[in-house]
Amino acid sequence: MTSVLPHQKAKALKPGSRRPAKELCSECGLCDTYYVHYVKEACAFIHQQVAELEEQAHGRSRNLENPDDLYFGVNQKMMAARKTQPIEGAQWTGIVSSIAIEMLTSGKVEGVVCVQNTAEDRFQPMPVIARTPEEILAARVNKPTLSPNLSILEQVQQSGMKRLLVIGVGCQIQALRAVEQRLGLEKLYVLGTPCVDNVTRAGLQKFLETTSKSPDTVVHYEFMQDFQVHFKHQDGSVEKVPFFGLNTKELKDVFAPSCLSCFDYVNSLADLVVGYMGAPFGWQWIVVRNDRGQEMLDMAMSQLETQPVMSKGDRKNAVQQSIPAYEKGVTLPMWAAKLMGVVIEKVGPKGLEYARFSIDSHFTRNYLYVKRHHPEKLEHHVPEYAKRIVSQYRLPE
Ligand code: FAD
Ligand code: SF4
Ligand code: SF4
């Protein structure tokens, strides 16, 4: 049972201090609630405390000498899985929505914090507390924009709910864990997804316009394991753009500063993580971090086919070469980018090695970003595991 600390009434904040993380704020929503009172301890960009919160959530922090822990965080089990009957319109096969529906209908939780979109804009996030399977289904598919999920925390308390499931990305979950004991809950389940390269709504527009041939009809997109961005359009067609053909120069300032400073790609503090990057193409990647995560997975197990995780290839050269290419904003002509994509897909990293490739590429880029833009934060803000990962590479000044 989650222990409960009494909530202290928020003190008035000074004008302008509503988002103390300033430009690094990822709009997680905490500061829209009276829990803003705890922001200096809770915000992922002010007080990095992944190891301490791992200990609190999982009973131990990650073992930096264990290669899987180092990269993927505390874990009891990893697997590849997919729904035998995928949910139409889900981001992948809908494992996240299915687990949430089972948790609700079985009565294990009374509500599910998830993100729908507004009626006017399919990419504008609208956090809700879902109380029916239909409301959970209405939140399926990624809103690839910063989402203030924690803005509904006040409603949770006002509703009197005692058993809650929260679905969210790393920065939201770090702040949630930091205030968990003040929420008055008896049981909190946390179902996370990995997350990287998120954007504001305006940034998303620029990304779509720079990269897709038909930005207005994109329903969803994903950076896939075949080294291409897959855009799914309204008419069901899929447009593929190779990573190496992206207009890096134009896109450098598209990602939110929070996401260029983020080192919690794998959502270290969730009980259960459902992504795709450690699994073969078409499958989802599951990381069970603790018993509560296993309990959630068990709820949907009969709807899944599974296979063991695999790992193939060697990412290191590709990561090392991508560092100066990104720095110089190199964009290949489309024919060369496509060719390179085909070659890399044949011989490149697969399964867990692809996940390591993606983690290494993002951590090296983000380390350089923090070093250049917030040198005073580098030492404390970058967790020890990320420093170890980055230290495998030669970085420019
Ligand atoms: P669905 O059943 O479609 O459910 C999706 C759930 O995501 C919904 O419950 C919804 O509430 C929640 N959600 C949607 N948008 C947001 C948001 N902005 N913030 C918080 N929660 C949200 N996986 C990887 O392996 N590698 C990645 O690089 C990666 N990047 C991601 C980036 C973003 C911004 C997001 C939101 C997810 C990312 N994922 C990544 C996770 C992956 O894309 C899928 O979301 C995951 O595999 C679940 O798929 P599903 O079909 O089971 O989800
Ligand atoms: Fe507040 Fe969240 Fe922004 Fe931090 S990231 S300043 S906790 S809204
Ligand atoms: Fe939050 Fe990190 Fe995702 Fe940005 S990349 S939204 S900071 S978890």
# chains A, B, ... in the order shown; residues from 1 in each chain; ligands from 1

call {"tool": "residues_around", "arguments": {"residues": "segment 61-68 of chain A", "least_positions_apart": "3", "cutoff": "12 Å", "atoms": "only C-alpha atoms", "output": "ChimeraX atom specification"}}
result
/A:49-58,71-78,266,268-269,278,287,289-290,309,311,352-353,355-356,383-389

call {"tool": "residues_near_ligand", "arguments": {"ligand": "ligand 3", "cutoff": "10 Å", "atoms": "only C-alpha atoms and all ligand atoms", "output": "ChimeraX atom specification"}}
result
/A:24-28,44-45,144-148,168-174,192-200,255-267,362

call {"tool": "write_last_selection", "arguments": {"atoms": "N, CA and C atoms", "output": "short mmCIF file (atom, residue, chain, number, x, y, z; two decimals), in the first residue's frame"}}
result
data_model
loop_
_atom_site.label_atom_id
_atom_site.label_comp_id
_atom_site.auth_asym_id
_atom_site.auth_seq_id
_atom_site.Cartn_x
_atom_site.Cartn_y
_atom_site.Cartn_z
N LEU A 24 13.67 24.84 -19.61
CA LEU A 24 13.80 23.37 -19.59
C LEU A 24 12.49 22.68 -19.21
N CYS A 25 11.48 23.46 -18.88
CA CYS A 25 10.20 22.87 -18.46
C CYS A 25 9.62 22.00 -19.58
N SER A 26 9.22 20.79 -19.23
CA SER A 26 8.62 19.88 -20.23
C SER A 26 7.09 19.91 -20.12
N GLU A 27 6.56 20.88 -19.40
CA GLU A 27 5.10 21.04 -19.27
C GLU A 27 4.44 19.77 -18.75
N CYS A 28 5.05 19.17 -17.73
CA CYS A 28 4.51 17.90 -17.22
C CYS A 28 3.18 18.09 -16.50
N ALA A 44 11.87 17.09 -12.65
CA ALA A 44 12.98 16.31 -13.21
C ALA A 44 14.12 17.19 -13.70
N PHE A 45 13.82 18.48 -13.96
CA PHE A 45 14.85 19.36 -14.52
C PHE A 45 15.48 20.27 -13.47
N PRO A 144 2.26 13.26 -30.03
CA PRO A 144 3.72 13.44 -29.99
C PRO A 144 4.10 14.86 -29.63
N THR A 145 3.51 15.35 -28.56
CA THR A 145 3.75 16.71 -28.10
C THR A 145 3.82 16.69 -26.57
N LEU A 146 4.47 17.71 -25.99
CA LEU A 146 4.55 17.79 -24.54
C LEU A 146 3.14 17.80 -23.97
N SER A 147 2.91 16.98 -22.96
CA SER A 147 1.54 16.83 -22.47
C SER A 147 1.50 17.02 -20.95
N PRO A 148 0.63 17.93 -20.47
CA PRO A 148 0.60 18.21 -19.02
C PRO A 148 -0.20 17.18 -18.23
N GLY A 168 2.19 7.37 -18.51
CA GLY A 168 2.93 8.60 -18.79
C GLY A 168 4.36 8.35 -19.25
N VAL A 169 5.03 9.45 -19.60
CA VAL A 169 6.43 9.39 -20.05
C VAL A 169 7.35 9.79 -18.89
N GLY A 170 8.66 9.63 -19.09
CA GLY A 170 9.63 9.71 -18.00
C GLY A 170 9.57 10.95 -17.13
N CYS A 171 9.53 12.14 -17.75
CA CYS A 171 9.59 13.37 -16.93
C CYS A 171 8.33 13.50 -16.07
N GLN A 172 7.19 13.07 -16.63
CA GLN A 172 5.94 13.12 -15.85
C GLN A 172 6.03 12.14 -14.68
N ILE A 173 6.60 10.98 -14.94
CA ILE A 173 6.62 9.94 -13.91
C ILE A 173 7.62 10.28 -12.80
N GLN A 174 8.72 10.95 -13.17
CA GLN A 174 9.65 11.35 -12.10
C GLN A 174 8.96 12.30 -11.12
N GLY A 192 4.37 2.99 -18.05
CA GLY A 192 5.12 4.02 -18.78
C GLY A 192 5.42 3.63 -20.21
N THR A 193 5.71 4.64 -21.03
CA THR A 193 6.28 4.37 -22.35
C THR A 193 7.65 5.03 -22.40
N PRO A 194 8.57 4.50 -23.21
CA PRO A 194 9.79 5.25 -23.45
C PRO A 194 9.41 6.57 -24.12
N CYS A 195 10.31 7.53 -24.14
CA CYS A 195 9.98 8.81 -24.79
C CYS A 195 11.27 9.54 -25.11
N VAL A 196 11.28 10.16 -26.30
CA VAL A 196 12.46 10.89 -26.74
C VAL A 196 12.01 11.94 -27.75
N ASP A 197 12.81 12.99 -27.94
CA ASP A 197 12.58 13.96 -29.03
C ASP A 197 11.16 14.49 -29.07
N ASN A 198 10.59 14.83 -27.94
CA ASN A 198 9.25 15.39 -27.98
C ASN A 198 9.31 16.87 -28.35
N VAL A 199 8.16 17.41 -28.68
CA VAL A 199 8.11 18.76 -29.24
C VAL A 199 6.90 19.52 -28.71
N THR A 200 6.94 20.83 -28.83
CA THR A 200 5.74 21.61 -28.55
C THR A 200 4.81 21.46 -29.76
N PHE A 255 13.08 20.15 -31.47
CA PHE A 255 12.85 19.42 -30.23
C PHE A 255 12.87 20.38 -29.04
N ALA A 256 12.00 20.11 -28.06
CA ALA A 256 11.92 21.00 -26.90
C ALA A 256 13.22 20.94 -26.09
N PRO A 257 13.68 22.06 -25.52
CA PRO A 257 14.91 22.05 -24.71
C PRO A 257 14.85 21.00 -23.60
N SER A 258 13.66 20.75 -23.04
CA SER A 258 13.54 19.72 -22.01
C SER A 258 13.99 18.37 -22.57
N CYS A 259 13.57 18.09 -23.79
CA CYS A 259 13.83 16.77 -24.38
C CYS A 259 15.27 16.65 -24.88
N LEU A 260 15.90 17.81 -25.12
CA LEU A 260 17.32 17.79 -25.47
C LEU A 260 18.18 17.70 -24.21
N SER A 261 17.54 17.73 -23.05
CA SER A 261 18.26 17.64 -21.76
C SER A 261 17.81 16.43 -20.98
N CYS A 262 17.09 15.52 -21.63
CA CYS A 262 16.44 14.41 -20.92
C CYS A 262 17.28 13.14 -21.00
N PHE A 263 17.41 12.45 -19.88
CA PHE A 263 18.19 11.20 -19.85
C PHE A 263 17.33 10.06 -19.31
N ASP A 264 16.01 10.23 -19.37
CA ASP A 264 15.15 9.14 -18.91
C ASP A 264 14.34 8.57 -20.07
N TYR A 265 15.06 8.22 -21.12
CA TYR A 265 14.44 7.66 -22.32
C TYR A 265 13.59 6.44 -21.96
N VAL A 266 14.08 5.57 -21.08
CA VAL A 266 13.41 4.27 -20.85
C VAL A 266 12.42 4.29 -19.68
N ASN A 267 12.08 5.47 -19.21
CA ASN A 267 11.06 5.60 -18.15
C ASN A 267 11.40 4.72 -16.94
N HIS A 362 21.04 9.45 -28.54
CA HIS A 362 20.34 10.55 -27.88
C HIS A 362 21.10 11.05 -26.65
#

call {"tool": "select_by_dssp", "arguments": {"residues": "segment 121-358 of chain A", "states": "alpha helix (DSSP H)", "output": "PyMOL selection string"}}
result
chain A and resi 133-137+153-159+170-179+201-211+248-251+291-300+316-328+334-347+352-358

call {"tool": "atom_distance", "arguments": {"atom1": "atom 37 (C, counted along the ligand's line) of ligand 1", "atom2": "atom CA of Arg140 of chain A"}}
result
11.0 Å

call {"tool": "closest_residue", "arguments": {"among": "A:Met277, A:Val36, A:Ala138, A:Ala119", "to": "ligand 1", "atoms": "only C-alpha atoms and all ligand atoms"}}
result
A:Met277

call {"tool": "atom_distance", "arguments": {"atom1": "atom 43 (O, counted along the ligand's line) of ligand 1", "atom2": "atom CA of Thr306 of chain A"}}
result
18.3 Å

call {"tool": "closest_residue", "arguments": {"among": "A:Met103, A:Ile359, A:Val254, A:Val218", "to": "ligand 1", "atoms": "only C-alpha atoms and all ligand atoms"}}
result
A:Ile359

call {"tool": "closest_residue", "arguments": {"among": "A:Glu135, A:Asp32, A:Glu222, A:Glu186", "to": "ligand 1", "atoms": "only C-alpha atoms and all ligand atoms"}}
result
A:Glu222

call {"tool": "residues_around", "arguments": {"residues": "segment 87-90 of chain A", "least_positions_apart": "2", "cutoff": "6 Å", "atoms": "only C-alpha atoms", "output": "PDB file with all heavy atoms, in the first residue's frame"}}
result
ATOM      1  N   TRP A  92       0.831   1.210 -31.636  1.00  0.00           N
ATOM      2  CA  TRP A  92       1.414  -0.045 -32.133  1.00  0.00           C
ATOM      3  C   TRP A  92       0.298  -1.080 -32.157  1.00  0.00           C
ATOM      4  O   TRP A  92      -0.565  -1.003 -32.988  1.00  0.00           O
ATOM      5  CB  TRP A  92       2.614  -0.459 -31.258  1.00  0.00           C
ATOM      6  CG  TRP A  92       3.824   0.322 -31.661  1.00  0.00           C
ATOM      7  CD1 TRP A  92       4.110   1.617 -31.342  1.00  0.00           C
ATOM      8  CD2 TRP A  92       4.881  -0.127 -32.528  1.00  0.00           C
ATOM      9  NE1 TRP A  92       5.270   1.995 -31.950  1.00  0.00           N
ATOM     10  CE2 TRP A  92       5.772   0.974 -32.672  1.00  0.00           C
ATOM     11  CE3 TRP A  92       5.178  -1.316 -33.184  1.00  0.00           C
ATOM     12  CZ2 TRP A  92       6.936   0.888 -33.452  1.00  0.00           C
ATOM     13  CZ3 TRP A  92       6.332  -1.408 -33.954  1.00  0.00           C
ATOM     14  CH2 TRP A  92       7.195  -0.316 -34.087  1.00  0.00           C
ATOM     15  N   THR A  93       0.315  -2.034 -31.212  1.00  0.00           N
ATOM     16  CA  THR A  93      -0.800  -2.996 -31.240  1.00  0.00           C
ATOM     17  C   THR A  93      -1.808  -2.721 -30.121  1.00  0.00           C
ATOM     18  O   THR A  93      -2.798  -3.423 -29.986  1.00  0.00           O
ATOM     19  CB  THR A  93      -0.300  -4.462 -31.165  1.00  0.00           C
ATOM     20  OG1 THR A  93       0.246  -4.719 -29.854  1.00  0.00           O
ATOM     21  CG2 THR A  93       0.769  -4.757 -32.211  1.00  0.00           C
ATOM     22  N   GLY A  94      -1.524  -1.710 -29.287  1.00  0.00           N
ATOM     23  CA  GLY A  94      -2.508  -1.325 -28.272  1.00  0.00           C
ATOM     24  C   GLY A  94      -2.345  -2.053 -26.940  1.00  0.00           C
ATOM     25  O   GLY A  94      -3.298  -2.149 -26.163  1.00  0.00           O
ATOM     26  N   ARG A 140      -6.034   6.293 -26.984  1.00  0.00           N
ATOM     27  CA  ARG A 140      -5.008   5.496 -27.661  1.00  0.00           C
ATOM     28  C   ARG A 140      -4.270   6.365 -28.669  1.00  0.00           C
ATOM     29  O   ARG A 140      -4.753   7.428 -29.025  1.00  0.00           O
ATOM     30  CB  ARG A 140      -5.630   4.273 -28.343  1.00  0.00           C
ATOM     31  CG  ARG A 140      -6.455   4.591 -29.559  1.00  0.00           C
ATOM     32  CD  ARG A 140      -7.288   3.379 -29.946  1.00  0.00           C
ATOM     33  NE  ARG A 140      -7.977   3.569 -31.203  1.00  0.00           N
ATOM     34  CZ  ARG A 140      -9.079   4.290 -31.351  1.00  0.00           C
ATOM     35  NH1 ARG A 140      -9.601   4.943 -30.332  1.00  0.00           N
ATOM     36  NH2 ARG A 140      -9.647   4.402 -32.545  1.00  0.00           N
ATOM     37  N   VAL A 141      -3.146   5.930 -29.087  1.00  0.00           N
ATOM     38  CA  VAL A 141      -2.217   6.572 -30.041  1.00  0.00           C
ATOM     39  C   VAL A 141      -1.463   7.747 -29.383  1.00  0.00           C
ATOM     40  O   VAL A 141      -2.009   8.481 -28.564  1.00  0.00           O
ATOM     41  CB  VAL A 141      -2.919   7.017 -31.373  1.00  0.00           C
ATOM     42  CG1 VAL A 141      -3.760   8.270 -31.219  1.00  0.00           C
ATOM     43  CG2 VAL A 141      -1.894   7.193 -32.474  1.00  0.00           C
TER      44      VAL A 141
END

call {"tool": "atom_distance", "arguments": {"atom1": "atom 40 (C, counted along the ligand's line) of ligand 1", "atom2": "atom CA of Val229 of chain A"}}
result
12.6 Å

call {"tool": "closest_residue", "arguments": {"among": "A:His220, A:Arg177, A:Arg131, A:Lys346", "to": "ligand 2", "atoms": "only C-alpha atoms and all ligand atoms"}}
result
A:Arg177
